[in-house]
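A.B. asks: Data: upload-v3.pdb, PDB, C-alpha atoms and all ligand atoms.
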ATOM      1  CA  MET A1273     167.708 -40.315 -68.995  1.00  0.00           C
ATOM      2  CA  VAL A1274     164.091 -39.365 -68.591  1.00  0.00           C
ATOM      3  CA  SER A1275     164.662 -35.852 -69.847  1.00  0.00           C
ATOM      4  CA  VAL A1276     166.482 -37.142 -72.936  1.00  0.00           C
ATOM      5  CA  SER A1277     163.619 -39.361 -74.005  1.00  0.00           C
ATOM      6  CA  LEU A1278     161.140 -36.556 -73.421  1.00  0.00           C
ATOM      7  CA  TYR A1279     163.271 -34.316 -75.616  1.00  0.00           C
ATOM      8  CA  ARG A1280     163.252 -36.937 -78.326  1.00  0.00           C
ATOM      9  CA  TYR A1281     159.516 -37.311 -78.026  1.00  0.00           C
ATOM     10  CA  SER A1282     158.936 -33.602 -78.480  1.00  0.00           C
ATOM     11  CA  LEU A1283     161.149 -33.585 -81.576  1.00  0.00           C
ATOM     12  CA  VAL A1284     158.994 -36.285 -83.106  1.00  0.00           C
ATOM     13  CA  VAL A1285     155.860 -34.293 -82.331  1.00  0.00           C
ATOM     14  CA  LEU A1286     157.344 -31.158 -83.882  1.00  0.00           C
ATOM     15  CA  ALA A1287     158.296 -33.074 -87.006  1.00  0.00           C
ATOM     16  CA  LEU A1288     154.760 -34.415 -87.337  1.00  0.00           C
ATOM     17  CA  VAL A1289     153.260 -30.938 -86.957  1.00  0.00           C
ATOM     18  CA  ALA A1290     155.617 -29.572 -89.590  1.00  0.00           C
ATOM     19  CA  ALA A1291     154.719 -32.354 -92.003  1.00  0.00           C
ATOM     20  CA  THR A1292     151.019 -31.702 -91.520  1.00  0.00           C
ATOM     21  CA  THR A1293     151.000 -27.934 -91.826  1.00  0.00           C
ATOM     22  CA  GLY A1294     153.923 -27.469 -94.199  1.00  0.00           C
ATOM     23  CA  SER A1295     152.226 -28.795 -97.323  1.00  0.00           C
ATOM     24  CA  PRO A1296     148.881 -27.940 -98.903  1.00  0.00           C
ATOM     25  CA  VAL A1297     145.992 -30.258 -98.152  1.00  0.00           C
ATOM     26  CA  ARG A1298     145.951 -31.519-101.718  1.00  0.00           C
ATOM     27  CA  ALA A1299     147.483 -30.176-104.864  1.00  0.00           C
ATOM     28  CA  GLN A1300     145.361 -28.824-107.639  1.00  0.00           C
ATOM     29  CA  GLN A1301     144.797 -30.923-110.700  1.00  0.00           C
ATOM     30  CA  VAL A1302     145.314 -29.905-114.271  1.00  0.00           C
ATOM     31  CA  THR A1303     143.948 -32.415-116.741  1.00  0.00           C
ATOM     32  CA  ASP A1304     143.233 -32.723-120.447  1.00  0.00           C
ATOM     33  CA  ALA A1305     145.774 -30.087-121.417  1.00  0.00           C
ATOM     34  CA  TRP A1306     146.101 -29.521-125.135  1.00  0.00           C
ATOM     35  CA  VAL A1307     147.454 -27.008-127.577  1.00  0.00           C
ATOM     36  CA  ARG A1308     146.046 -26.115-130.946  1.00  0.00           C
ATOM     37  CA  GLY A1309     148.507 -27.128-133.639  1.00  0.00           C
ATOM     38  CA  THR A1310     150.064 -24.537-135.879  1.00  0.00           C
ATOM     39  CA  VAL A1311     151.119 -24.284-139.471  1.00  0.00           C
ATOM     40  CA  LYS A1312     153.986 -22.344-140.944  1.00  0.00           C
ATOM     41  CA  GLY A1313     153.602 -18.641-140.469  1.00  0.00           C
ATOM     42  CA  MET A1314     151.517 -18.801-137.293  1.00  0.00           C
ATOM     43  CA  ASP A1315     153.374 -17.397-134.365  1.00  0.00           C
ATOM     44  CA  ALA A1316     150.693 -17.727-131.689  1.00  0.00           C
ATOM     45  CA  THR A1317     148.254 -20.376-130.560  1.00  0.00           C
ATOM     46  CA  GLY A1318     146.024 -21.266-127.648  1.00  0.00           C
ATOM     47  CA  ALA A1319     146.481 -23.822-124.877  1.00  0.00           C
ATOM     48  CA  PHE A1320     143.460 -25.291-123.132  1.00  0.00           C
ATOM     49  CA  MET A1321     142.920 -27.426-120.040  1.00  0.00           C
ATOM     50  CA  HIS A1322     140.697 -28.384-117.125  1.00  0.00           C
ATOM     51  CA  ILE A1323     141.745 -27.058-113.718  1.00  0.00           C
ATOM     52  CA  GLU A1324     140.503 -28.168-110.314  1.00  0.00           C
ATOM     53  CA  VAL A1325     141.780 -26.816-107.016  1.00  0.00           C
ATOM     54  CA  ALA A1326     141.694 -27.989-103.414  1.00  0.00           C
ATOM     55  CA  ALA A1327     142.139 -24.469-102.069  1.00  0.00           C
ATOM     56  CA  PRO A1328     141.241 -21.117-103.623  1.00  0.00           C
ATOM     57  CA  MET A1329     143.899 -19.809-105.986  1.00  0.00           C
ATOM     58  CA  SER A1330     144.230 -17.796-109.141  1.00  0.00           C
ATOM     59  CA  LEU A1331     145.885 -18.619-112.413  1.00  0.00           C
ATOM     60  CA  ILE A1332     148.088 -15.588-113.030  1.00  0.00           C
ATOM     61  CA  GLY A1333     150.549 -16.600-115.718  1.00  0.00           C
ATOM     62  CA  ALA A1334     152.266 -19.218-117.796  1.00  0.00           C
ATOM     63  CA  SER A1335     155.400 -19.932-119.741  1.00  0.00           C
ATOM     64  CA  SER A1336     156.624 -22.548-122.188  1.00  0.00           C
ATOM     65  CA  PRO A1337     159.958 -23.339-123.783  1.00  0.00           C
ATOM     66  CA  VAL A1338     158.290 -23.338-127.234  1.00  0.00           C
ATOM     67  CA  ALA A1339     157.029 -19.767-126.842  1.00  0.00           C
ATOM     68  CA  GLY A1340     158.858 -16.491-126.408  1.00  0.00           C
ATOM     69  CA  SER A1341     156.062 -15.347-124.152  1.00  0.00           C
ATOM     70  CA  ALA A1342     152.727 -16.527-122.813  1.00  0.00           C
ATOM     71  CA  GLN A1343     149.702 -14.814-121.332  1.00  0.00           C
ATOM     72  CA  VAL A1344     146.417 -15.817-119.766  1.00  0.00           C
ATOM     73  CA  HIS A1345     143.726 -14.616-122.167  1.00  0.00           C
ATOM     74  CA  GLN A1346     139.990 -14.355-122.186  1.00  0.00           C
ATOM     75  CA  MET A1347     137.835 -14.389-125.265  1.00  0.00           C
ATOM     76  CA  SER A1348     134.365 -12.935-125.077  1.00  0.00           C
ATOM     77  CA  MET A1349     131.614 -11.631-127.298  1.00  0.00           C
ATOM     78  CA  SER A1350     130.422  -8.082-127.003  1.00  0.00           C
ATOM     79  CA  GLY A1351     127.560  -7.737-129.408  1.00  0.00           C
ATOM     80  CA  ASN A1352     128.775  -9.325-132.599  1.00  0.00           C
ATOM     81  CA  VAL A1353     132.399  -8.588-131.908  1.00  0.00           C
ATOM     82  CA  MET A1354     134.782 -11.185-130.582  1.00  0.00           C
ATOM     83  CA  ASN A1355     137.214  -9.658-128.147  1.00  0.00           C
ATOM     84  CA  MET A1356     140.305 -11.254-126.792  1.00  0.00           C
ATOM     85  CA  GLY A1357     142.931 -10.004-124.449  1.00  0.00           C
ATOM     86  CA  PRO A1358     145.048 -10.677-121.400  1.00  0.00           C
ATOM     87  CA  VAL A1359     143.488 -10.990-117.960  1.00  0.00           C
ATOM     88  CA  ASP A1360     145.313 -10.432-114.676  1.00  0.00           C
ATOM     89  CA  GLN A1361     144.014 -13.611-113.149  1.00  0.00           C
ATOM     90  CA  VAL A1362     141.495 -16.401-113.344  1.00  0.00           C
ATOM     91  CA  PRO A1363     140.194 -17.084-109.822  1.00  0.00           C
ATOM     92  CA  ILE A1364     139.408 -20.727-109.112  1.00  0.00           C
ATOM     93  CA  VAL A1365     137.698 -22.118-106.024  1.00  0.00           C
ATOM     94  CA  PRO A1366     137.323 -25.691-104.777  1.00  0.00           C
ATOM     95  CA  GLY A1367     134.341 -27.530-106.203  1.00  0.00           C
ATOM     96  CA  LYS A1368     134.112 -25.256-109.233  1.00  0.00           C
ATOM     97  CA  PRO A1369     136.550 -26.491-111.851  1.00  0.00           C
ATOM     98  CA  VAL A1370     137.468 -24.041-114.571  1.00  0.00           C
ATOM     99  CA  ASP A1371     137.857 -25.006-118.189  1.00  0.00           C
ATOM    100  CA  LEU A1372     140.255 -23.144-120.381  1.00  0.00           C
ATOM    101  CA  ALA A1373     138.485 -23.783-123.659  1.00  0.00           C
ATOM    102  CA  PRO A1374     138.072 -22.289-127.122  1.00  0.00           C
ATOM    103  CA  GLY A1375     135.808 -19.260-126.858  1.00  0.00           C
ATOM    104  CA  GLY A1376     136.753 -18.524-123.247  1.00  0.00           C
ATOM    105  CA  TYR A1377     139.869 -18.525-121.130  1.00  0.00           C
ATOM    106  CA  HIS A1378     143.044 -19.849-122.653  1.00  0.00           C
ATOM    107  CA  VAL A1379     146.784 -19.635-122.309  1.00  0.00           C
ATOM    108  CA  MET A1380     148.110 -17.740-125.280  1.00  0.00           C
ATOM    109  CA  LEU A1381     151.463 -19.000-126.450  1.00  0.00           C
ATOM    110  CA  MET A1382     153.131 -16.222-128.418  1.00  0.00           C
ATOM    111  CA  ASN A1383     156.322 -15.718-130.399  1.00  0.00           C
ATOM    112  CA  LEU A1384     156.390 -19.430-131.108  1.00  0.00           C
ATOM    113  CA  LYS A1385     159.846 -20.793-131.747  1.00  0.00           C
ATOM    114  CA  GLN A1386     158.683 -23.803-133.721  1.00  0.00           C
ATOM    115  CA  GLU A1387     155.758 -25.321-135.562  1.00  0.00           C
ATOM    116  CA  LEU A1388     153.509 -27.376-133.295  1.00  0.00           C
ATOM    117  CA  THR A1389     152.301 -30.513-135.005  1.00  0.00           C
ATOM    118  CA  THR A1390     149.768 -33.090-133.944  1.00  0.00           C
ATOM    119  CA  GLY A1391     151.241 -35.622-131.566  1.00  0.00           C
ATOM    120  CA  ASP A1392     153.845 -33.268-130.150  1.00  0.00           C
ATOM    121  CA  THR A1393     153.927 -32.639-126.429  1.00  0.00           C
ATOM    122  CA  VAL A1394     154.325 -29.080-125.220  1.00  0.00           C
ATOM    123  CA  PRO A1395     155.550 -28.427-121.679  1.00  0.00           C
ATOM    124  CA  ILE A1396     153.781 -25.510-120.038  1.00  0.00           C
ATOM    125  CA  THR A1397     154.457 -24.076-116.605  1.00  0.00           C
ATOM    126  CA  LEU A1398     151.418 -22.476-114.977  1.00  0.00           C
ATOM    127  CA  ARG A1399     151.732 -19.957-112.186  1.00  0.00           C
ATOM    128  CA  PHE A1400     149.084 -19.802-109.475  1.00  0.00           C
ATOM    129  CA  ARG A1401     148.801 -17.231-106.711  1.00  0.00           C
ATOM    130  CA  GLN A1402     147.587 -18.882-103.541  1.00  0.00           C
ATOM    131  CA  ALA A1403     145.486 -17.355-100.771  1.00  0.00           C
ATOM    132  CA  ASP A1404     148.600 -16.403 -98.777  1.00  0.00           C
ATOM    133  CA  ASN A1405     149.921 -14.575-101.865  1.00  0.00           C
ATOM    134  CA  SER A1406     152.666 -17.095-102.495  1.00  0.00           C
ATOM    135  CA  VAL A1407     153.095 -18.193-106.092  1.00  0.00           C
ATOM    136  CA  LYS A1408     153.086 -21.831-107.002  1.00  0.00           C
ATOM    137  CA  SER A1409     154.334 -23.250-110.291  1.00  0.00           C
ATOM    138  CA  VAL A1410     152.680 -26.267-111.846  1.00  0.00           C
ATOM    139  CA  ASP A1411     154.164 -28.095-114.815  1.00  0.00           C
ATOM    140  CA  VAL A1412     151.800 -29.651-117.318  1.00  0.00           C
ATOM    141  CA  LYS A1413     152.311 -31.495-120.571  1.00  0.00           C
ATOM    142  CA  ALA A1414     149.916 -30.462-123.308  1.00  0.00           C
ATOM    143  CA  GLN A1415     149.185 -32.609-126.338  1.00  0.00           C
ATOM    144  CA  VAL A1416     149.140 -30.882-129.680  1.00  0.00           C
ATOM    145  CA  ARG A1417     145.837 -31.413-131.472  1.00  0.00           C
ATOM    146  CA  ALA A1418     145.062 -30.738-135.087  1.00  0.00           C
ATOM    147  CA  LEU A1419     144.249 -27.233-136.153  1.00  0.00           C
ATOM    148  CA  ALA A1420     140.534 -27.613-136.821  1.00  0.00           C
ATOM    149  CA  GLY A1421     138.144 -25.358-138.685  1.00  0.00           C
ATOM    150  CA  GLY A1422     140.638 -23.099-140.397  1.00  0.00           C
ATOM    151  CA  ASN A1423     141.257 -20.237-138.025  1.00  0.00           C
ATOM    152  CA  SER A1424     142.491 -21.058-134.544  1.00  0.00           C
ATOM    153  CA  GLY A1425     139.153 -20.496-132.872  1.00  0.00           C
ATOM    154  CA  GLY A1426     138.828 -16.876-133.788  1.00  0.00           C
ATOM    155  CA  HIS A1427     142.249 -15.841-132.640  1.00  0.00           C
ATOM    156  CA  MET A1428     143.096 -12.531-134.166  1.00  0.00           C
ATOM    157  CA  HIS A1429     146.276 -10.916-133.032  1.00  0.00           C
TER
HETATM  158 CU    CU B1501     144.493 -15.408-126.983  1.00  0.00          CU
END
In structure tokens, how does this file's structure come out?
C.D. replies:
Amino acid sequence: MVSVSLYRYSLVVLALVAATTGSPVRAQQVTDAWVRGTVKGMDATGAFMHIEVAAPMSLIGASSPVAGSAQVHQMSMSGNVMNMGPVDQVPIVPGKPVDLAPGGYHVMLMNLKQELTTGDTVPITLRFRQADNSVKSVDVKAQVRALAGGNSGGHMH
């Protein structure tokens, strides 16, 4: 009888250890996600958001059911020329939130399958590579905001 209860006790301990080490300390947070609205004829637009992490990880990709493809892009000025293109990753560390914002990093939604109008919600799945090289998917819902200021923030494709 004694050995049985000891066995049970050790099972409980093992379960507790698994529960503690099996999940990340705290998930990252993606807030204020939005997508620039489109008008007829536009087949690409940018998605923007605020990302905080509890452990170092890198944003490496994205996808959305409204887009045929999606890439992580960076926009930057070199001299007077605005450049934009895909980046392999956006590294993010705890305590230093990263903003995907017009003029900088963004998720480029391409080959859009539909017009995106103000008030719509666009599901986006973000892919993060964690420190152990595993890839984690995070689903966010982005609100469509009005296309402001004519061009979509200098997006030229
Ligand atoms: Cu872009």
A.B. asks: Hey, which residues come within 6 Å of ligand CU 1501 (chain B) if we count only C-alpha atoms and all ligand atoms? Could you give them as a list in words?
C.D. replies: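 If we count only C-alpha atoms and all ligand atoms, the neighbours of ligand CU 1501 (chain B) turn out to be His1345, Met1356 and Met1380 of chain A.
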A.B. asks: If the PyMOL selection byres (((chain A and resi 1401-1408) around 9) and not hetatm) is run on the structure shown, which residues does it catch, given as a VMD selection string?
C.D. replies: chain A and resid 1327 to 1332 1361 1398 to 1400 1409 to 1410
A.B. asks: Considering only C-alpha atoms, state which residue in the set A:His1378, A:Lys1413, A:Lys1368, A:Lys1385 is at the smallest distance from Asp1304 of chain A.
C.D. replies: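 Answer, going by the shortest atom-to-atom distance: A:Lys1413.
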A.B. asks: For atom CA of Val1302 of chain A and atom CA of Val1365 of chain A, quote the distance in Å rounded to one decimal.
C.D. replies: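 Straight-line distance from atom CA of Val1302 of chain A to atom CA of Val1365 of chain A works out to 13.7 Å.
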A.B. asks: Kindly provide, as a PyMOL selection string, the polymer residues lying within 7 Å of (147.3, -25.6, -137.2), counting all atoms listed in the file and using the coordinates exactly as they appear in the file.
C.D. replies: chain A and resi 1308-1311+1418-1419
A.B. asks: Each residue of segment 1334-1406 of chain A lying at most 8 Å from segment 1414-1417 of chain A should get a row with its shortest atom-to-atom pair and the distance in Å to one decimal, counting all atoms listed in the file; could you produce that, ordered by chain and increasing number, as CSV?
C.D. replies:
residue,atom,partner,partner_atom,distance
A:Leu1388,CA,A:Val1416,CA,6.7
A:Thr1389,CA,A:Val1416,CA,6.2
A:Thr1390,CA,A:Val1416,CA,4.8
A:Gly1391,CA,A:Val1416,CA,5.5
A:Asp1392,CA,A:Val1416,CA,5.3
A:Thr1393,CA,A:Gln1415,CA,4.7
A:Val1394,CA,A:Ala1414,CA,5.0
A:Pro1395,CA,A:Ala1414,CA,6.2
A:Ile1396,CA,A:Ala1414,CA,7.1
A.B. asks: Which residues are close to Pro1374 of chain A, i.e. within 8 Å by all atoms listed in the file, leaving aside same-chain residues fewer than 2 positions away? Reply as a list in words.
C.D. replies: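 Those residues are Phe1320, Leu1372, Gly1376, Tyr1377, His1378 and Gly1425 of chain A.
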A.B. asks: As a PDB file with C-alpha atoms, in the frame of the given file, please: the residues near Leu1384 of chain A (cut-off 10 Å, only C-alpha atoms, same-chain neighbours under 6 positions excluded).
C.D. replies:
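Resulting contents of out_2.pdb:
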ATOM      1  CA  THR A1310     150.064 -24.537-135.879  1.00  0.00           C
ATOM      2  CA  GLY A1313     153.602 -18.641-140.469  1.00  0.00           C
ATOM      3  CA  MET A1314     151.517 -18.801-137.293  1.00  0.00           C
ATOM      4  CA  ASP A1315     153.374 -17.397-134.365  1.00  0.00           C
ATOM      5  CA  ALA A1316     150.693 -17.727-131.689  1.00  0.00           C
ATOM      6  CA  THR A1317     148.254 -20.376-130.560  1.00  0.00           C
ATOM      7  CA  SER A1336     156.624 -22.548-122.188  1.00  0.00           C
ATOM      8  CA  PRO A1337     159.958 -23.339-123.783  1.00  0.00           C
ATOM      9  CA  VAL A1338     158.290 -23.338-127.234  1.00  0.00           C
ATOM     10  CA  ALA A1339     157.029 -19.767-126.842  1.00  0.00           C
ATOM     11  CA  GLY A1340     158.858 -16.491-126.408  1.00  0.00           C
ATOM     12  CA  SER A1341     156.062 -15.347-124.152  1.00  0.00           C
ATOM     13  CA  ALA A1342     152.727 -16.527-122.813  1.00  0.00           C
TER      14      ALA A1342
END
A.B. asks: Counting all atoms listed in the file, figure out which residue out of A:Ala1334, A:Ala1326, A:Ala1319, A:Gly1375 gets nearest to Met1349 of chain A.
C.D. replies: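 Comparing A:Ala1334, A:Ala1326, A:Ala1319, A:Gly1375 against Met1349 of chain A, the winner is A:Gly1375.
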A.B. asks: Enter the distance from atom CA of Asn1352 of chain A to atom CA of Lys1312 of chain A, in Å, rounded to one decimal.
C.D. replies: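 About the pair atom CA of Asn1352 of chain A and atom CA of Lys1312 of chain A: they are 29.6 Å apart.
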